[in-house]
>>> print(open('upload_39.txt').read())   # compact mmCIF, C-alpha atoms (C1' of nucleotides)
# COMPACT_ATOMS: atom_id res chain seq x y z
CA MET A 51 29.38 6.05 8.32
CA THR A 52 31.63 2.97 8.18
CA PRO A 53 29.45 -0.10 8.05
CA SER A 54 31.47 -3.20 7.31
CA TRP A 55 28.32 -4.95 6.10
CA ALA A 56 28.01 -2.69 3.07
CA LEU A 57 30.23 -4.90 0.94
CA ASP A 58 27.99 -7.91 1.47
CA TYR A 59 24.94 -6.32 -0.09
CA ASP A 60 23.82 -5.89 -3.64
CA THR A 61 23.74 -2.40 -5.11
CA ARG A 62 21.25 -3.02 -7.89
CA ASP A 63 17.74 -1.66 -7.37
CA CYS A 64 19.29 1.25 -5.50
CA SER A 65 16.86 4.13 -5.19
CA ILE A 66 19.58 6.65 -5.83
CA ALA A 67 20.61 4.99 -9.07
CA ALA A 68 16.95 4.71 -10.07
CA ALA A 69 16.40 8.40 -9.40
CA LEU A 70 19.54 9.30 -11.32
CA ALA A 71 18.43 7.21 -14.29
CA ILE A 72 15.46 9.56 -14.58
CA VAL A 73 16.81 12.95 -13.55
CA GLY A 74 20.57 12.38 -13.38
CA GLU A 75 21.66 14.21 -16.48
CA LYS A 76 23.40 17.54 -16.52
CA TRP A 77 20.74 19.61 -18.27
CA THR A 78 17.86 17.92 -16.49
CA PHE A 79 18.84 19.49 -13.19
CA LEU A 80 19.00 22.92 -14.76
CA VAL A 81 15.61 22.41 -16.36
CA LEU A 82 14.21 21.55 -12.94
CA ARG A 83 15.88 24.58 -11.40
CA GLU A 84 14.09 26.77 -13.92
CA ALA A 85 10.82 24.92 -13.44
CA PHE A 86 11.00 25.75 -9.73
CA ASN A 87 11.73 29.34 -10.71
CA GLY A 88 8.41 29.36 -12.52
CA ILE A 89 9.78 29.06 -16.04
CA ARG A 90 7.44 27.08 -18.27
CA ARG A 91 8.16 27.78 -21.91
CA PHE A 92 10.60 26.16 -24.24
CA GLY A 93 12.29 29.36 -25.34
CA ASP A 94 12.67 30.71 -21.82
CA MET A 95 14.14 27.41 -20.70
CA GLN A 96 16.56 27.50 -23.58
CA ARG A 97 17.73 31.02 -22.87
CA ARG A 98 18.07 30.48 -19.15
CA THR A 99 19.71 27.07 -19.12
CA GLY A 100 21.79 27.49 -22.26
CA ALA A 101 20.94 23.93 -23.25
CA PRO A 102 21.10 23.09 -26.97
CA ARG A 103 17.58 22.98 -28.40
CA GLN A 104 17.78 19.33 -29.29
CA ILE A 105 18.91 18.28 -25.82
CA LEU A 106 16.31 20.48 -24.18
CA SER A 107 13.58 18.98 -26.35
CA GLU A 108 14.70 15.48 -25.49
CA ARG A 109 14.99 16.16 -21.76
CA LEU A 110 11.60 17.86 -21.56
CA GLY A 111 10.11 14.89 -23.39
CA ARG A 112 11.72 12.50 -20.96
CA LEU A 113 10.48 14.44 -17.94
CA VAL A 114 6.95 14.44 -19.35
CA GLU A 115 7.19 10.68 -19.99
CA GLU A 116 8.29 10.16 -16.43
CA GLY A 117 5.44 12.23 -15.07
CA ILE A 118 7.67 14.94 -13.62
CA LEU A 119 6.40 17.64 -15.95
CA ARG A 120 3.14 17.81 -17.84
CA LYS A 121 2.32 19.71 -21.03
CA VAL A 122 -0.40 22.33 -20.70
CA PRO A 123 -1.74 24.23 -23.74
CA TYR A 124 -1.72 28.01 -23.69
CA GLN A 125 -2.41 30.70 -26.24
CA GLU A 126 -0.74 34.06 -26.52
CA GLU A 127 -2.65 36.96 -28.10
CA GLY A 128 -2.50 36.51 -31.88
CA GLN A 129 -0.44 33.35 -31.69
CA ARG A 130 -1.33 29.75 -32.25
CA VAL A 131 -1.83 27.36 -29.34
CA ARG A 132 1.41 26.14 -27.85
CA SER A 133 2.43 23.95 -24.93
CA GLU A 134 4.07 24.91 -21.69
CA TYR A 135 5.63 22.59 -19.13
CA ARG A 136 4.52 22.50 -15.52
CA LEU A 137 5.71 20.50 -12.56
CA THR A 138 3.54 17.63 -11.38
CA GLN A 139 3.48 16.51 -7.75
CA ARG A 140 6.14 13.96 -8.67
CA GLY A 141 8.23 16.83 -9.95
CA ILE A 142 7.57 19.04 -6.97
CA ASP A 143 8.85 16.22 -4.77
CA LEU A 144 12.26 16.77 -6.37
CA PHE A 145 12.52 20.16 -4.69
CA PRO A 146 14.76 18.95 -1.85
CA VAL A 147 17.30 17.69 -4.41
CA ILE A 148 17.50 21.14 -5.97
CA VAL A 149 17.63 22.85 -2.59
CA ALA A 150 20.40 20.53 -1.42
CA LEU A 151 22.48 21.34 -4.50
CA LEU A 152 21.76 25.03 -4.05
CA GLU A 153 22.83 25.01 -0.41
CA TRP A 154 26.02 23.11 -1.15
CA GLY A 155 26.79 25.41 -4.05
CA ASP A 156 26.16 28.50 -1.95
CA LYS A 157 28.52 27.23 0.71
CA HIS A 158 31.27 25.68 -1.38
CA ALA A 159 31.10 26.97 -4.93
CA ALA A 160 29.52 30.41 -4.69
CA GLY A 161 30.38 33.19 -7.10
CA PRO A 162 32.23 36.26 -5.80
CA ALA A 163 29.08 38.30 -5.17
CA GLY A 164 27.21 35.69 -3.16
CA PRO A 165 24.18 33.57 -4.06
CA ILE A 166 22.05 34.87 -6.89
CA LEU A 167 18.98 33.09 -5.62
CA SER A 168 17.53 32.89 -2.15
CA LEU A 169 14.56 30.83 -1.00
CA THR A 170 12.09 32.31 1.45
CA HIS A 171 9.07 31.06 3.34
CA ARG A 172 5.97 32.30 1.52
CA ASP A 173 4.14 32.93 4.79
CA CYS A 174 6.80 34.75 6.82
CA GLY A 175 9.59 35.67 4.40
CA ALA A 176 12.34 34.02 6.41
CA PRO A 177 15.02 32.03 4.54
CA VAL A 178 14.27 28.37 3.99
CA GLU A 179 16.78 25.61 4.66
CA LEU A 180 17.04 21.83 4.69
CA ARG A 181 17.40 20.04 8.01
CA LEU A 182 18.03 16.41 8.81
CA ARG A 183 15.77 15.09 11.53
CA CYS A 184 14.95 11.66 12.86
CA THR A 185 11.35 10.58 13.26
CA SER A 186 11.75 10.65 17.05
CA GLY A 187 12.22 14.37 16.71
CA HIS A 188 15.95 14.75 17.24
CA ASP A 189 18.01 17.08 15.12
CA VAL A 190 20.64 15.25 13.10
CA PRO A 191 23.36 17.82 12.56
CA SER A 192 25.68 15.85 10.27
CA ALA A 193 26.11 12.76 8.14
CA ARG A 194 28.36 11.52 10.94
CA ASP A 195 25.28 11.08 13.11
CA VAL A 196 23.63 8.79 10.58
CA THR A 197 24.01 5.02 10.42
CA PRO A 198 23.01 3.38 7.15
CA VAL A 199 21.32 -0.01 7.63
CA PRO A 200 19.98 -2.51 5.09
CA GLY A 201 16.35 -1.81 4.20
CA PRO A 202 13.51 -4.23 3.44
CA GLY A 203 14.60 -4.65 -0.18
CA ALA A 204 18.24 -5.39 0.66
CA ARG A 205 19.71 -8.59 -0.73
CA ARG A 206 22.97 -10.22 0.19
CA ILE A 207 25.33 -10.90 -2.65
CA ALA A 208 25.08 -14.55 -3.66
CA MET B 772 6.73 29.24 -7.37
CA THR B 773 5.81 31.57 -10.23
CA PRO B 774 7.90 34.70 -9.96
CA SER B 775 7.58 36.85 -13.04
CA TRP B 776 10.87 38.53 -12.23
CA ALA B 777 12.83 35.37 -12.92
CA LEU B 778 13.20 36.17 -16.60
CA ASP B 779 14.87 39.48 -15.86
CA TYR B 780 17.80 37.95 -14.03
CA ASP B 781 20.99 36.40 -15.16
CA THR B 782 21.50 32.70 -14.61
CA ARG B 783 25.26 32.60 -14.76
CA ASP B 784 27.10 32.14 -11.46
CA CYS B 785 24.23 30.00 -10.30
CA SER B 786 25.19 27.92 -7.28
CA ILE B 787 23.34 24.93 -8.61
CA ALA B 788 25.20 25.02 -11.90
CA ALA B 789 28.46 25.51 -10.00
CA ALA B 790 27.74 22.52 -7.79
CA LEU B 791 26.79 20.43 -10.81
CA ALA B 792 30.02 21.37 -12.58
CA ILE B 793 31.85 19.63 -9.74
CA VAL B 794 29.63 16.71 -8.78
CA GLY B 795 27.03 16.63 -11.54
CA GLU B 796 28.17 13.63 -13.46
CA LYS B 797 26.42 10.31 -13.46
CA TRP B 798 29.10 8.19 -11.79
CA THR B 799 30.12 10.88 -9.34
CA PHE B 800 26.83 10.59 -7.47
CA LEU B 801 27.24 6.83 -7.20
CA VAL B 802 30.79 7.25 -5.95
CA LEU B 803 29.48 9.59 -3.27
CA ARG B 804 26.72 7.16 -2.36
CA GLU B 805 29.34 4.52 -1.75
CA ALA B 806 31.58 6.93 0.12
CA PHE B 807 28.71 7.59 2.52
CA ASN B 808 28.26 3.83 2.83
CA GLY B 809 31.80 3.68 4.10
CA ILE B 810 33.41 2.35 0.93
CA ARG B 811 36.93 3.66 0.51
CA ARG B 812 38.87 1.49 -1.90
CA PHE B 813 39.12 1.66 -5.63
CA GLY B 814 38.21 -1.95 -6.25
CA ASP B 815 35.21 -1.89 -3.92
CA MET B 816 33.99 1.30 -5.57
CA GLN B 817 34.32 -0.30 -8.95
CA ARG B 818 32.41 -3.43 -8.02
CA ARG B 819 29.64 -1.55 -6.25
CA THR B 820 29.10 1.28 -8.70
CA GLY B 821 29.81 -0.68 -11.88
CA ALA B 822 31.72 2.33 -13.21
CA PRO B 823 34.36 1.65 -15.87
CA ARG B 824 37.79 1.76 -14.27
CA GLN B 825 38.94 4.70 -16.34
CA ILE B 826 35.94 6.81 -15.46
CA LEU B 827 36.19 5.87 -11.81
CA SER B 828 39.85 6.82 -11.76
CA GLU B 829 39.12 10.15 -13.36
CA ARG B 830 36.16 10.94 -11.10
CA LEU B 831 38.02 10.05 -7.93
CA GLY B 832 40.86 12.27 -9.09
CA ARG B 833 38.47 15.12 -9.73
CA LEU B 834 36.82 14.73 -6.33
CA VAL B 835 40.23 14.78 -4.65
CA GLU B 836 41.18 17.90 -6.65
CA GLU B 837 37.99 19.57 -5.53
CA GLY B 838 38.62 18.70 -1.90
CA ILE B 839 35.60 16.43 -1.58
CA LEU B 840 37.65 13.29 -1.03
CA ARG B 841 41.19 12.95 0.25
CA LYS B 842 43.65 10.14 -0.34
CA VAL B 843 44.84 8.36 2.78
CA PRO B 844 47.56 5.71 2.66
CA TYR B 845 46.87 2.29 4.15
CA GLN B 846 48.69 -0.99 4.16
CA GLU B 847 47.15 -4.44 4.13
CA GLU B 848 49.11 -7.36 5.65
CA GLY B 849 51.72 -8.42 3.10
CA GLN B 850 50.74 -5.83 0.54
CA ARG B 851 52.35 -2.62 -0.57
CA VAL B 852 51.08 0.73 0.62
CA ARG B 853 47.96 1.85 -1.25
CA SER B 854 45.59 4.79 -1.09
CA GLU B 855 42.02 4.90 0.03
CA TYR B 856 39.57 7.71 -0.47
CA ARG B 857 37.79 9.39 2.43
CA LEU B 858 35.24 12.15 2.57
CA THR B 859 36.39 15.56 3.70
CA GLN B 860 34.07 18.01 5.44
CA ARG B 861 33.33 19.50 2.07
CA GLY B 862 32.31 16.05 0.92
CA ILE B 863 30.27 15.31 4.02
CA ASP B 864 28.32 18.50 3.31
CA LEU B 865 27.02 16.80 0.16
CA PHE B 866 25.07 14.35 2.29
CA PRO B 867 21.73 16.16 1.91
CA VAL B 868 22.01 15.86 -1.87
CA ILE B 869 22.38 12.10 -1.62
CA VAL B 870 19.61 11.84 0.97
CA ALA B 871 17.27 13.92 -1.19
CA LEU B 872 17.89 11.65 -4.17
CA LEU B 873 17.43 8.60 -1.97
CA GLU B 874 14.13 9.85 -0.58
CA TRP B 875 12.77 10.72 -4.00
CA GLY B 876 13.91 7.40 -5.39
CA ASP B 877 12.33 5.51 -2.48
CA LYS B 878 9.05 7.27 -3.08
CA HIS B 879 8.91 7.41 -6.86
CA ALA B 880 11.30 4.89 -8.33
CA ALA B 881 11.64 2.14 -5.74
CA GLY B 882 12.25 -1.46 -6.68
CA PRO B 883 9.51 -4.01 -6.02
CA ALA B 884 10.87 -5.11 -2.64
CA GLY B 885 11.22 -1.64 -1.14
CA PRO B 886 14.30 0.44 -0.36
CA ILE B 887 17.54 -1.46 -0.05
CA LEU B 888 19.05 1.16 2.20
CA SER B 889 17.66 2.94 5.19
CA LEU B 890 19.23 5.76 7.17
CA THR B 891 18.94 5.78 10.94
CA HIS B 892 19.91 8.16 13.71
CA ARG B 893 23.11 6.86 15.28
CA ASP B 894 21.95 7.87 18.77
CA CYS B 895 18.38 6.54 18.81
CA GLY B 896 18.00 4.29 15.77
CA ALA B 897 14.97 6.11 14.37
CA PRO B 898 14.80 6.73 10.62
CA VAL B 899 16.34 9.96 9.39
CA GLU B 900 14.60 12.29 6.95
CA LEU B 901 15.07 15.68 5.31
CA ARG B 902 12.79 18.53 6.32
CA LEU B 903 12.41 22.01 4.94
CA ARG B 904 12.27 24.66 7.65
CA CYS B 905 12.49 28.40 7.69
CA THR B 906 14.86 30.17 10.04
CA SER B 907 11.89 31.50 12.04
CA GLY B 908 11.18 27.91 12.95
CA HIS B 909 8.19 27.13 10.76
CA ASP B 910 7.86 23.85 8.97
CA VAL B 911 7.80 24.28 5.20
CA PRO B 912 5.86 21.28 3.95
CA SER B 913 6.23 21.76 0.19
CA ALA B 914 7.95 23.66 -2.57
CA ARG B 915 4.64 25.49 -2.97
CA ASP B 916 5.31 27.26 0.31
CA VAL B 917 8.61 28.63 -0.92
CA THR B 918 9.11 31.93 -2.73
CA PRO B 919 12.39 32.33 -4.61
CA VAL B 920 13.79 35.87 -4.46
CA PRO B 921 16.93 37.37 -5.98
CA GLY B 922 19.95 37.00 -3.67
CA PRO B 923 22.84 39.41 -3.06
CA GLY B 924 24.71 38.22 -6.15
CA ALA B 925 21.72 38.56 -8.49
CA ARG B 926 22.24 40.64 -11.61
CA ARG B 927 19.63 41.94 -14.00
CA ILE B 928 20.10 41.05 -17.61
CA ALA B 929 21.63 43.98 -19.48
C1' DC C 335 -3.56 34.02 -51.20
C1' DT C 336 0.99 34.55 -50.53
C1' DT C 337 4.49 36.33 -47.81
C1' DG C 338 6.38 36.95 -43.47
C1' DC C 339 6.61 36.36 -38.40
C1' DT C 340 7.11 33.58 -34.25
C1' DA C 341 7.78 29.70 -30.94
C1' DA C 342 8.65 25.12 -31.01
C1' DG C 343 10.91 21.46 -32.61
C1' DT C 344 13.89 18.47 -35.97
C1' DC C 345 17.94 17.38 -39.12
C1' DT C 346 22.92 17.20 -40.15
C1' DG C 347 27.73 16.90 -39.65
C1' DT C 348 31.34 17.24 -36.29
C1' DC C 349 33.56 16.50 -32.15
C1' DA C 350 33.95 15.09 -27.24
C1' DA C 351 32.88 11.64 -23.83
C1' DG C 352 31.76 7.09 -22.28
C1' DT C 353 32.74 2.18 -22.53
C1' DA C 354 34.79 -2.75 -22.61
C1' DG C 355 38.65 -5.26 -22.51
C1' DA C 356 43.44 -5.82 -22.68
C1' DC C 357 47.53 -4.19 -20.88
C1' DC C 358 50.85 -2.05 -17.54
C1' DT C 359 52.93 -1.01 -12.69
C1' DA C 360 54.76 -1.30 -8.09
C1' DG C 361 55.63 -3.59 -4.10
C1' DC C 362 55.29 -7.83 -1.74
C1' DT C 363 55.79 -13.10 -1.35
C1' DT C 364 57.57 -17.62 -2.66
C1' DA D 807 63.18 -14.19 -10.81
C1' DA D 808 58.50 -15.39 -11.23
C1' DG D 809 53.85 -14.65 -9.66
C1' DC D 810 50.14 -12.22 -7.14
C1' DT D 811 47.29 -8.18 -6.36
C1' DA D 812 45.13 -3.54 -6.26
C1' DG D 813 45.31 0.30 -8.74
C1' DG D 814 45.70 2.54 -12.84
C1' DT D 815 46.41 3.34 -18.13
C1' DC D 816 45.99 2.35 -23.31
C1' DT D 817 43.26 1.27 -27.50
C1' DA D 818 39.47 0.96 -30.48
C1' DC D 819 34.72 1.58 -30.74
C1' DT D 820 30.23 3.53 -29.79
C1' DT D 821 27.30 6.76 -27.91
C1' DG D 822 26.00 11.29 -26.76
C1' DA D 823 26.63 16.45 -26.98
C1' DC D 824 26.73 20.35 -29.75
C1' DA D 825 26.14 24.44 -33.22
C1' DG D 826 23.82 25.96 -36.90
C1' DA D 827 20.61 25.43 -40.46
C1' DC D 828 16.18 23.85 -41.54
C1' DT D 829 11.00 22.70 -40.81
C1' DT D 830 6.33 23.34 -39.03
C1' DA D 831 1.90 25.35 -37.65
C1' DG D 832 -0.98 29.02 -37.06
C1' DC D 833 -1.78 33.91 -37.26
C1' DA D 834 -1.63 38.58 -39.50
C1' DA D 835 -0.50 42.14 -42.76
C1' DG D 836 -0.18 43.41 -47.53
>>> encode(input="upload_39.txt", output="structure tokens")
Amino acid sequence: MTPSWALDYDTRDCSIAAALAIVGEKWTFLVLREAFNGIRRFGDMQRRTGAPRQILSERLGRLVEEGILRKVPYQEEGQRVRSEYRLTQRGIDLFPVIVALLEWGDKHAAGPAGPILSLTHRDCGAPVELRLRCTSGHDVPSARDVTPVPGPGARRIA
Amino acid sequence: MTPSWALDYDTRDCSIAAALAIVGEKWTFLVLREAFNGIRRFGDMQRRTGAPRQILSERLGRLVEEGILRKVPYQEEGQRVRSEYRLTQRGIDLFPVIVALLEWGDKHAAGPAGPILSLTHRDCGAPVELRLRCTSGHDVPSARDVTPVPGPGARRIA
DNA sequence: CTTGCTAAGTCTGTCAAGTAGACCTAGCTT
DNA sequence: AAGCTAGGTCTACTTGACAGACTTAGCAAG
């Protein structure tokens, strides 16, 4: 939690900043939330996120470019062919980010009536939650039990 | 993953949106990253995040208002008393969000040389990672194994 | 075959937010 | 009293968000 070495290392090429450059915008998170809720169509996304159409269009385009969503054609009875947006594996891998925000929001910013959304295990129905573990198998209850160390790509500041 | 009921429910009071309203801005995430790296001082934050001073000032103020950081006075030899910013418990609870972004970035947006930061268990030194589990004790390997259901605060659309 | 309907997406003008760089401030030292 | 420093604010400019109107492509009814 308090590594004095941090100041000696470069912060460019940070994975967090790189991730945020792709998905770090306000509406993007809400689009992903809806994608994980199974929403796939432009209009539904617009209604449920409240995003302005232009922004939504741009963000969906960006997510497709980045390989987080892909466009899939569909055709409604008596309608022309349109496109819907589905999560790719790369997109599905963002699930923990959404869950982490959801858990923090539930705990610290919940509405008066409690969470409006709850995540359950498909196989047993029990609530799902994020846990920190180390690869030796220990539970890591808090950020206080974590020590950040420089990784392979770390570079000292010149 | 594809609940048809989703469209029937209201999306206001969503915990994710509420969380994002507090910490959802671009520089805020980077400030938190640095906070978890043990950075506490305005100038260090500025150098390491690259945030414009005005934005940084505003974001730090907001995080203090929201009880995510608190100002603590300190005094350097021969300097006047200044304030540093430390995480509160509410702030520490945001750790999974940062870890989730880090893990996704490491996997999908890493720089050429690999991650610059690695998180280890303080007690045993092994790498730390996020896992999804259900409260019955099952591992939940993917978002595909999760079923979202309406929570206690859910409201049908009128 | 033209008029209308729908979902998806774009255009336009306006307004808020982000940004760089200079400037200010308070306490300490010389 | 003049200068240093970390922290913070002011100014002018540029970028991005936004609401509301408009466009497009295919289908269907008249």
>>> atom_distance(input="upload_39.txt", atom1="CA of Ala101 in chain A", atom2="CA of Asp877 in chain B")
29.1 Å
>>> interface_residues(input="upload_39.txt", of="chain B", to="chain A", cutoff="6 Å", atoms="all atoms listed in the file", output="ChimeraX atom specification")
/B:772-774,784,786-787,789-790,809,867-868,871-873,876-877,880-882,884-893,897-906,916-925
>>> residues_around(input="upload_39.txt", residues="range 342-349 of chain C", least_positions_apart="2", cutoff="12 Å", atoms="all atoms listed in the file", output="compact mmCIF listing (two decimals) with C-alpha atoms (C1' of nucleotides), in the frame of the given file")
# COMPACT_ATOMS: atom_id res chain seq x y z
CA ARG A 91 8.16 27.78 -21.91
CA PHE A 92 10.60 26.16 -24.24
CA GLY A 93 12.29 29.36 -25.34
CA ASP A 94 12.67 30.71 -21.82
CA MET A 95 14.14 27.41 -20.70
CA GLN A 96 16.56 27.50 -23.58
CA PRO A 102 21.10 23.09 -26.97
CA ARG A 103 17.58 22.98 -28.40
CA GLN A 104 17.78 19.33 -29.29
CA ILE A 105 18.91 18.28 -25.82
CA LEU A 106 16.31 20.48 -24.18
CA SER A 107 13.58 18.98 -26.35
CA GLU A 108 14.70 15.48 -25.49
CA LEU A 110 11.60 17.86 -21.56
CA GLY A 111 10.11 14.89 -23.39
CA ARG A 130 -1.33 29.75 -32.25
CA VAL A 131 -1.83 27.36 -29.34
CA ARG A 132 1.41 26.14 -27.85
CA SER A 133 2.43 23.95 -24.93
CA GLU A 134 4.07 24.91 -21.69
C1' DT C 340 7.11 33.58 -34.25
C1' DA C 351 32.88 11.64 -23.83
C1' DG D 822 26.00 11.29 -26.76
C1' DA D 823 26.63 16.45 -26.98
C1' DC D 824 26.73 20.35 -29.75
C1' DA D 825 26.14 24.44 -33.22
C1' DG D 826 23.82 25.96 -36.90
C1' DA D 827 20.61 25.43 -40.46
C1' DC D 828 16.18 23.85 -41.54
C1' DT D 829 11.00 22.70 -40.81
C1' DT D 830 6.33 23.34 -39.03
C1' DA D 831 1.90 25.35 -37.65
>>> residues_around(input="upload_39.txt", residues="DT359 in chain C", least_positions_apart="4", cutoff="12 Å", atoms="all atoms listed in the file", output="list in words")
DT811, DA812, DG813, DG814 and DT815 of chain D
>>> residues_around(input="upload_39.txt", residues="DA356 in chain C", least_positions_apart="4", cutoff="12 Å", atoms="all atoms listed in the file", output="mmCIF file with C-alpha atoms (C1' of nucleotides), in the coordinates of the input")
data_model
loop_
_atom_site.group_PDB
_atom_site.id
_atom_site.type_symbol
_atom_site.label_atom_id
_atom_site.label_comp_id
_atom_site.auth_asym_id
_atom_site.auth_seq_id
_atom_site.Cartn_x
_atom_site.Cartn_y
_atom_site.Cartn_z
ATOM 1 C "C1'" DT D 815 46.410 3.340 -18.130
ATOM 2 C "C1'" DC D 816 45.990 2.350 -23.310
ATOM 3 C "C1'" DT D 817 43.260 1.270 -27.500
ATOM 4 C "C1'" DA D 818 39.470 0.960 -30.480
#
>>> atom_distance(input="upload_39.txt", atom1="CA of Lys842 in chain B", atom2="C1' of DG361 in chain C")
18.6 Å
>>> atom_distance(input="upload_39.txt", atom1="C1' of DC357 in chain C", atom2="CA of Leu834 in chain B")
26.2 Å
